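Notes follow once the structure below has been shown.
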Amino acid sequence: QIQLMESGGGLVQTGESLRLSCTASTNILRFLFMRWYRATPGEERELVASLSAGGSRSVADFVKGRFTISRDSGNNTMYLQMNFLRPEDTAVYYCNAVLKGRSYNYWGQGTQVTVSS
């Protein structure tokens, strides 16, 4: 059973930075893509950033210029560098991945990010 585990969340002030990590129990190059989502109470998860197996990256417009997605395949870890954090970035951030040739979505347990004003 493949597992994803996020870490790096916490409480910060407006303008500060955090780096989230998502470590997989398997070689992350097996994944067709890996993504970061976030969710707030009562809202659906929204896509924050995506990284394909081939290395293509994208981030949502609402974090463009502030968040960066990357990976370290040697450590089977994906990262989300979050700079210039705002109170509206407060959410639980989830790691998501889909294996090549499969349709099943793997999810981590989430990590809480809280940005105070």
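By order in the structure tokens, chains are A, B, ...; within a chain, residues start at 1; ligands start at 1, following the order shown.
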
Original post:
If you count only C-alpha atoms, which residues fall within 8 Å of Thr26 of chain A, apart from same-chain ones fewer than 6 positions away, as a ChimeraX atom specification?
Top reply: /A:2-3,76

Writer output for current selection, N, CA, C and O atoms, as a PDB file, in the first residue's frame:
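The file below, part-v5.pdb, is the result:
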ATOM      1  N   ILE A   2       0.678   2.080  -0.993  1.00  0.00           N
ATOM      2  CA  ILE A   2       1.468   3.303  -1.102  1.00  0.00           C
ATOM      3  C   ILE A   2       0.942   4.330  -0.113  1.00  0.00           C
ATOM      4  O   ILE A   2      -0.265   4.519   0.018  1.00  0.00           O
ATOM      5  N   GLN A   3       1.856   4.995   0.560  1.00  0.00           N
ATOM      6  CA  GLN A   3       1.479   6.022   1.522  1.00  0.00           C
ATOM      7  C   GLN A   3       2.176   7.334   1.185  1.00  0.00           C
ATOM      8  O   GLN A   3       3.310   7.348   0.700  1.00  0.00           O
ATOM      9  N   ASN A  76      12.397  10.699  -2.576  1.00  0.00           N
ATOM     10  CA  ASN A  76      10.969  10.387  -2.785  1.00  0.00           C
ATOM     11  C   ASN A  76      10.075  11.433  -2.147  1.00  0.00           C
ATOM     12  O   ASN A  76       9.056  11.107  -1.518  1.00  0.00           O
TER      13      ASN A  76
END

Sort by chain and increasing residue number a table of all residues of segment 11-33 of chain A within 10 Å of segment 40-57 of chain A, each with its closest pair of atoms and their distance in Å to one decimal, counting only C-alpha atoms, and write it as JSON lines.
{"residue": "A:Ile28", "atom": "CA", "partner": "A:Ala53", "partner_atom": "CA", "distance": 8.3}
{"residue": "A:Leu29", "atom": "CA", "partner": "A:Ala53", "partner_atom": "CA", "distance": 6.0}
{"residue": "A:Arg30", "atom": "CA", "partner": "A:Ala53", "partner_atom": "CA", "distance": 7.7}
{"residue": "A:Phe31", "atom": "CA", "partner": "A:Ala53", "partner_atom": "CA", "distance": 6.3}
{"residue": "A:Leu32", "atom": "CA", "partner": "A:Ala53", "partner_atom": "CA", "distance": 5.2}
{"residue": "A:Phe33", "atom": "CA", "partner": "A:Ser52", "partner_atom": "CA", "distance": 4.1}

Mind dumping the selected residues with C-alpha atoms as an mmCIF file, in the first residue's frame?
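Contents of the output file out_24.cif:
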data_model
loop_
_atom_site.group_PDB
_atom_site.id
_atom_site.type_symbol
_atom_site.label_atom_id
_atom_site.label_comp_id
_atom_site.auth_asym_id
_atom_site.auth_seq_id
_atom_site.Cartn_x
_atom_site.Cartn_y
_atom_site.Cartn_z
ATOM 1 C CA ILE A 28 7.922 9.117 -6.823
ATOM 2 C CA LEU A 29 8.914 8.718 -10.458
ATOM 3 C CA ARG A 30 6.285 5.957 -10.568
ATOM 4 C CA PHE A 31 3.632 8.660 -10.305
ATOM 5 C CA LEU A 32 2.049 10.169 -13.389
ATOM 6 C CA PHE A 33 1.778 13.384 -11.430
#

DSSP on the backbone, then: every residue of chain A marked strand (DSSP E), written as a JSON list (two decimals) with N, CA and C atoms, in the first residue's frame.
[["chain", "number", "residue", "atom", "x", "y", "z"],
["A", 4, "LEU", "N", 1.45, 8.41, 1.46],
["A", 4, "LEU", "CA", 1.98, 9.76, 1.31],
["A", 4, "LEU", "C", 1.90, 10.43, 2.67],
["A", 5, "MET", "N", 2.96, 11.11, 3.06],
["A", 5, "MET", "CA", 2.94, 11.76, 4.36],
["A", 5, "MET", "C", 3.43, 13.20, 4.22],
["A", 6, "GLU", "N", 2.57, 14.14, 4.59],
["A", 6, "GLU", "CA", 2.92, 15.55, 4.55],
["A", 6, "GLU", "C", 3.55, 15.99, 5.88],
["A", 7, "SER", "N", 4.34, 17.00, 5.80],
["A", 7, "SER", "CA", 4.91, 17.63, 6.99],
["A", 7, "SER", "C", 5.27, 19.06, 6.64],
["A", 10, "GLY", "N", 2.28, 24.65, 9.93],
["A", 10, "GLY", "CA", 2.45, 25.35, 11.19],
["A", 10, "GLY", "C", 1.74, 26.67, 11.21],
["A", 11, "LEU", "N", 2.03, 27.46, 12.23],
["A", 11, "LEU", "CA", 1.45, 28.79, 12.41],
["A", 11, "LEU", "C", 2.51, 29.84, 12.11],
["A", 12, "VAL", "N", 2.21, 30.71, 11.16],
["A", 12, "VAL", "CA", 3.14, 31.77, 10.80],
["A", 12, "VAL", "C", 2.37, 33.08, 10.70],
["A", 13, "GLN", "N", 3.11, 34.17, 10.57],
["A", 13, "GLN", "CA", 2.49, 35.48, 10.39],
["A", 13, "GLN", "C", 2.47, 35.85, 8.91],
["A", 18, "LEU", "N", 6.80, 29.07, 4.55],
["A", 18, "LEU", "CA", 6.82, 27.69, 5.01],
["A", 18, "LEU", "C", 7.17, 26.81, 3.82],
["A", 19, "ARG", "N", 7.77, 25.65, 4.13],
["A", 19, "ARG", "CA", 7.99, 24.65, 3.09],
["A", 19, "ARG", "C", 7.32, 23.36, 3.53],
["A", 20, "LEU", "N", 6.37, 22.92, 2.73],
["A", 20, "LEU", "CA", 5.71, 21.66, 2.98],
["A", 20, "LEU", "C", 6.43, 20.54, 2.25],
["A", 21, "SER", "N", 6.43, 19.37, 2.87],
["A", 21, "SER", "CA", 7.03, 18.19, 2.25],
["A", 21, "SER", "C", 5.99, 17.09, 2.15],
["A", 22, "CYS", "N", 6.09, 16.31, 1.11],
["A", 22, "CYS", "CA", 5.26, 15.12, 0.93],
["A", 22, "CYS", "C", 6.19, 13.98, 0.58],
["A", 23, "THR", "N", 6.33, 13.05, 1.50],
["A", 23, "THR", "CA", 7.22, 11.92, 1.29],
["A", 23, "THR", "C", 6.40, 10.68, 0.98],
["A", 24, "ALA", "N", 6.77, 10.01, -0.10],
["A", 24, "ALA", "CA", 6.06, 8.81, -0.53],
["A", 24, "ALA", "C", 6.80, 7.56, -0.09],
["A", 31, "PHE", "N", 4.88, 7.91, -10.23],
["A", 31, "PHE", "CA", 3.63, 8.66, -10.31],
["A", 31, "PHE", "C", 3.51, 9.41, -11.63],
["A", 32, "LEU", "N", 2.31, 9.39, -12.19],
["A", 32, "LEU", "CA", 2.05, 10.17, -13.39],
["A", 32, "LEU", "C", 2.15, 11.66, -13.06],
["A", 33, "PHE", "N", 1.63, 12.03, -11.93],
["A", 33, "PHE", "CA", 1.78, 13.38, -11.43],
["A", 33, "PHE", "C", 1.61, 13.40, -9.92],
["A", 34, "MET", "N", 2.10, 14.44, -9.30],
["A", 34, "MET", "CA", 1.89, 14.70, -7.88],
["A", 34, "MET", "C", 1.37, 16.11, -7.75],
["A", 35, "ARG", "N", 0.46, 16.31, -6.80],
["A", 35, "ARG", "CA", -0.19, 17.60, -6.66],
["A", 35, "ARG", "C", -0.36, 17.98, -5.20],
["A", 36, "TRP", "N", -0.49, 19.28, -4.99],
["A", 36, "TRP", "CA", -0.88, 19.82, -3.69],
["A", 36, "TRP", "C", -2.28, 20.40, -3.83],
["A", 37, "TYR", "N", -3.13, 20.04, -2.89],
["A", 37, "TYR", "CA", -4.45, 20.62, -2.77],
["A", 37, "TYR", "C", -4.55, 21.27, -1.39],
["A", 38, "ARG", "N", -5.57, 22.11, -1.24],
["A", 38, "ARG", "CA", -5.84, 22.65, 0.09],
["A", 38, "ARG", "C", -7.34, 22.72, 0.30],
["A", 39, "ALA", "N", -7.73, 22.71, 1.57],
["A", 39, "ALA", "CA", -9.14, 22.74, 1.90],
["A", 39, "ALA", "C", -9.36, 23.52, 3.19],
["A", 46, "GLU", "N", -9.16, 22.52, -3.23],
["A", 46, "GLU", "CA", -8.81, 23.22, -4.45],
["A", 46, "GLU", "C", -7.36, 22.91, -4.80],
["A", 47, "LEU", "N", -7.12, 22.79, -6.09],
["A", 47, "LEU", "CA", -5.79, 22.48, -6.57],
["A", 47, "LEU", "C", -4.88, 23.69, -6.42],
["A", 48, "VAL", "N", -3.72, 23.45, -5.83],
["A", 48, "VAL", "CA", -2.76, 24.52, -5.60],
["A", 48, "VAL", "C", -1.61, 24.45, -6.59],
["A", 49, "ALA", "N", -1.06, 23.25, -6.76],
["A", 49, "ALA", "CA", 0.11, 23.11, -7.64],
["A", 49, "ALA", "C", 0.21, 21.68, -8.11],
["A", 50, "SER", "N", 0.84, 21.52, -9.29],
["A", 50, "SER", "CA", 0.94, 20.21, -9.89],
["A", 50, "SER", "C", 2.32, 20.00, -10.50],
["A", 51, "LEU", "N", 2.81, 18.76, -10.43],
["A", 51, "LEU", "CA", 4.13, 18.43, -10.97],
["A", 51, "LEU", "C", 4.01, 17.08, -11.67],
["A", 52, "SER", "N", 4.31, 17.06, -12.97],
["A", 52, "SER", "CA", 4.18, 15.83, -13.73],
["A", 52, "SER", "C", 5.45, 14.99, -13.63],
["A", 57, "ARG", "N", 5.54, 21.80, -14.43],
["A", 57, "ARG", "CA", 4.99, 22.35, -13.20],
["A", 57, "ARG", "C", 3.95, 23.40, -13.50],
["A", 58, "SER", "N", 2.99, 23.49, -12.63],
["A", 58, "SER", "CA", 2.01, 24.56, -12.72],
["A", 58, "SER", "C", 1.52, 24.89, -11.32],
["A", 59, "VAL", "N", 1.14, 26.14, -11.14],
["A", 59, "VAL", "CA", 0.55, 26.57, -9.87],
["A", 59, "VAL", "C", -0.72, 27.35, -10.17],
["A", 67, "PHE", "N", 4.15, 30.67, -4.52],
["A", 67, "PHE", "CA", 4.36, 29.26, -4.21],
["A", 67, "PHE", "C", 5.13, 28.59, -5.35],
["A", 68, "THR", "N", 5.98, 27.63, -4.98],
["A", 68, "THR", "CA", 6.74, 26.86, -5.96],
["A", 68, "THR", "C", 6.68, 25.39, -5.61],
["A", 69, "ILE", "N", 6.44, 24.56, -6.61],
["A", 69, "ILE", "CA", 6.41, 23.12, -6.40],
["A", 69, "ILE", "C", 7.69, 22.52, -6.95],
["A", 70, "SER", "N", 8.23, 21.53, -6.25],
["A", 70, "SER", "CA", 9.46, 20.89, -6.69],
["A", 70, "SER", "C", 9.51, 19.48, -6.12],
["A", 71, "ARG", "N", 10.56, 18.74, -6.48],
["A", 71, "ARG", "CA", 10.69, 17.38, -5.97],
["A", 71, "ARG", "C", 12.15, 17.01, -5.84],
["A", 72, "ASP", "N", 12.38, 16.01, -5.00],
["A", 72, "ASP", "CA", 13.69, 15.39, -4.86],
["A", 72, "ASP", "C", 13.44, 13.89, -5.00],
["A", 77, "THR", "N", 10.44, 12.68, -2.32],
["A", 77, "THR", "CA", 9.73, 13.77, -1.66],
["A", 77, "THR", "C", 9.39, 14.89, -2.64],
["A", 78, "MET", "N", 8.18, 15.41, -2.49],
["A", 78, "MET", "CA", 7.74, 16.58, -3.21],
["A", 78, "MET", "C", 7.61, 17.72, -2.22],
["A", 79, "TYR", "N", 7.87, 18.93, -2.70],
["A", 79, "TYR", "CA", 7.84, 20.09, -1.82],
["A", 79, "TYR", "C", 6.87, 21.15, -2.34],
["A", 80, "LEU", "N", 6.41, 21.97, -1.43],
["A", 80, "LEU", "CA", 5.69, 23.18, -1.78],
["A", 80, "LEU", "C", 6.30, 24.32, -0.97],
["A", 81, "GLN", "N", 7.06, 25.14, -1.65],
["A", 81, "GLN", "CA", 7.64, 26.32, -1.00],
["A", 81, "GLN", "C", 6.63, 27.44, -1.05],
["A", 82, "MET", "N", 6.23, 27.94, 0.09],
["A", 82, "MET", "CA", 5.20, 28.96, 0.19],
["A", 82, "MET", "C", 5.81, 30.22, 0.78],
["A", 91, "ALA", "N", -5.30, 26.85, 5.60],
["A", 91, "ALA", "CA", -6.02, 25.67, 5.12],
["A", 91, "ALA", "C", -5.27, 24.42, 5.56],
["A", 92, "VAL", "N", -5.90, 23.29, 5.35],
["A", 92, "VAL", "CA", -5.20, 22.01, 5.44],
["A", 92, "VAL", "C", -4.69, 21.70, 4.04],
["A", 93, "TYR", "N", -3.41, 21.43, 3.93],
["A", 93, "TYR", "CA", -2.78, 21.15, 2.64],
["A", 93, "TYR", "C", -2.58, 19.64, 2.51],
["A", 94, "TYR", "N", -3.00, 19.12, 1.36],
["A", 94, "TYR", "CA", -2.96, 17.69, 1.11],
["A", 94, "TYR", "C", -2.07, 17.38, -0.09],
["A", 95, "CYS", "N", -1.34, 16.30, 0.04],
["A", 95, "CYS", "CA", -0.55, 15.76, -1.07],
["A", 95, "CYS", "C", -1.39, 14.72, -1.79],
["A", 96, "ASN", "N", -1.31, 14.72, -3.11],
["A", 96, "ASN", "CA", -2.08, 13.80, -3.95],
["A", 96, "ASN", "C", -1.17, 13.24, -5.03],
["A", 97, "ALA", "N", -1.38, 11.98, -5.38],
["A", 97, "ALA", "CA", -0.58, 11.38, -6.45],
["A", 97, "ALA", "C", -1.36, 10.28, -7.14],
["A", 98, "VAL", "N", -1.07, 10.09, -8.42],
["A", 98, "VAL", "CA", -1.67, 9.03, -9.22],
["A", 98, "VAL", "C", -0.55, 8.27, -9.91],
["A", 99, "LEU", "N", -0.59, 6.94, -9.81],
["A", 99, "LEU", "CA", 0.42, 6.12, -10.44],
["A", 99, "LEU", "C", 0.24, 6.09, -11.95],
["A", 105, "ASN", "N", -6.40, 7.57, -6.88],
["A", 105, "ASN", "CA", -5.77, 8.72, -6.26],
["A", 105, "ASN", "C", -5.28, 8.37, -4.86],
["A", 106, "TYR", "N", -4.03, 8.63, -4.60],
["A", 106, "TYR", "CA", -3.47, 8.49, -3.26],
["A", 106, "TYR", "C", -3.45, 9.86, -2.60],
["A", 107, "TRP", "N", -3.80, 9.87, -1.31],
["A", 107, "TRP", "CA", -3.83, 11.12, -0.55],
["A", 107, "TRP", "C", -3.04, 10.98, 0.74],
["A", 111, "THR", "N", -1.70, 18.51, 6.25],
["A", 111, "THR", "CA", -0.95, 19.28, 7.24],
["A", 111, "THR", "C", -1.55, 20.68, 7.32],
["A", 112, "GLN", "N", -1.75, 21.16, 8.54],
["A", 112, "GLN", "CA", -2.42, 22.44, 8.76],
["A", 112, "GLN", "C", -1.45, 23.59, 8.59],
["A", 113, "VAL", "N", -1.87, 24.56, 7.81],
["A", 113, "VAL", "CA", -1.14, 25.82, 7.67],
["A", 113, "VAL", "C", -2.06, 26.94, 8.15],
["A", 114, "THR", "N", -1.58, 27.71, 9.10],
["A", 114, "THR", "CA", -2.35, 28.83, 9.63],
["A", 114, "THR", "C", -1.51, 30.10, 9.53],
["A", 115, "VAL", "N", -2.09, 31.10, 8.88],
["A", 115, "VAL", "CA", -1.39, 32.36, 8.69],
["A", 115, "VAL", "C", -2.16, 33.44, 9.45],
["A", 116, "SER", "N", -1.51, 34.03, 10.43],
["A", 116, "SER", "CA", -2.18, 35.06, 11.22],
["A", 116, "SER", "C", -1.91, 36.45, 10.63]]

Which of segment 5-80 of chain A end up as helix (DSSP H, G or I) when DSSP is run on this backbone - answer as a PDB file with N, CA and C atoms, in the first residue's frame?
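Okay, result02.pdb is ready:
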ATOM      1  N   ILE A  28       8.921   8.150  -6.333  1.00  0.00           N
ATOM      2  CA  ILE A  28       7.922   9.117  -6.823  1.00  0.00           C
ATOM      3  C   ILE A  28       7.909   9.221  -8.347  1.00  0.00           C
ATOM      4  N   LEU A  29       8.919   8.711  -8.989  1.00  0.00           N
ATOM      5  CA  LEU A  29       8.914   8.718 -10.458  1.00  0.00           C
ATOM      6  C   LEU A  29       7.931   7.692 -11.027  1.00  0.00           C
ATOM      7  N   ARG A  30       7.355   6.880 -10.153  1.00  0.00           N
ATOM      8  CA  ARG A  30       6.285   5.957 -10.568  1.00  0.00           C
ATOM      9  C   ARG A  30       4.966   6.709 -10.777  1.00  0.00           C
ATOM     10  N   ASP A  61      -3.470  30.297 -10.117  1.00  0.00           N
ATOM     11  CA  ASP A  61      -3.296  31.746 -10.252  1.00  0.00           C
ATOM     12  C   ASP A  61      -3.231  32.434  -8.892  1.00  0.00           C
ATOM     13  N   PHE A  62      -3.981  31.921  -7.927  1.00  0.00           N
ATOM     14  CA  PHE A  62      -4.047  32.619  -6.642  1.00  0.00           C
ATOM     15  C   PHE A  62      -2.772  32.465  -5.814  1.00  0.00           C
ATOM     16  N   VAL A  63      -1.845  31.624  -6.244  1.00  0.00           N
ATOM     17  CA  VAL A  63      -0.564  31.509  -5.541  1.00  0.00           C
ATOM     18  C   VAL A  63       0.620  31.780  -6.462  1.00  0.00           C
ATOM     19  N   SER A  73      13.655  13.375  -6.194  1.00  0.00           N
ATOM     20  CA  SER A  73      13.330  11.966  -6.438  1.00  0.00           C
ATOM     21  C   SER A  73      14.236  11.037  -5.624  1.00  0.00           C
ATOM     22  N   GLY A  74      15.421  11.496  -5.298  1.00  0.00           N
ATOM     23  CA  GLY A  74      16.319  10.672  -4.496  1.00  0.00           C
ATOM     24  C   GLY A  74      15.785  10.418  -3.103  1.00  0.00           C
ATOM     25  N   ASN A  75      14.990  11.368  -2.611  1.00  0.00           N
ATOM     26  CA  ASN A  75      14.370  11.244  -1.288  1.00  0.00           C
ATOM     27  C   ASN A  75      12.880  10.951  -1.368  1.00  0.00           C
TER      28      ASN A  75
END

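Note that the spacing between atom CA of Asn27 of chain A and atom CA of Ala60 of chain A amounts to 25.8 Å.
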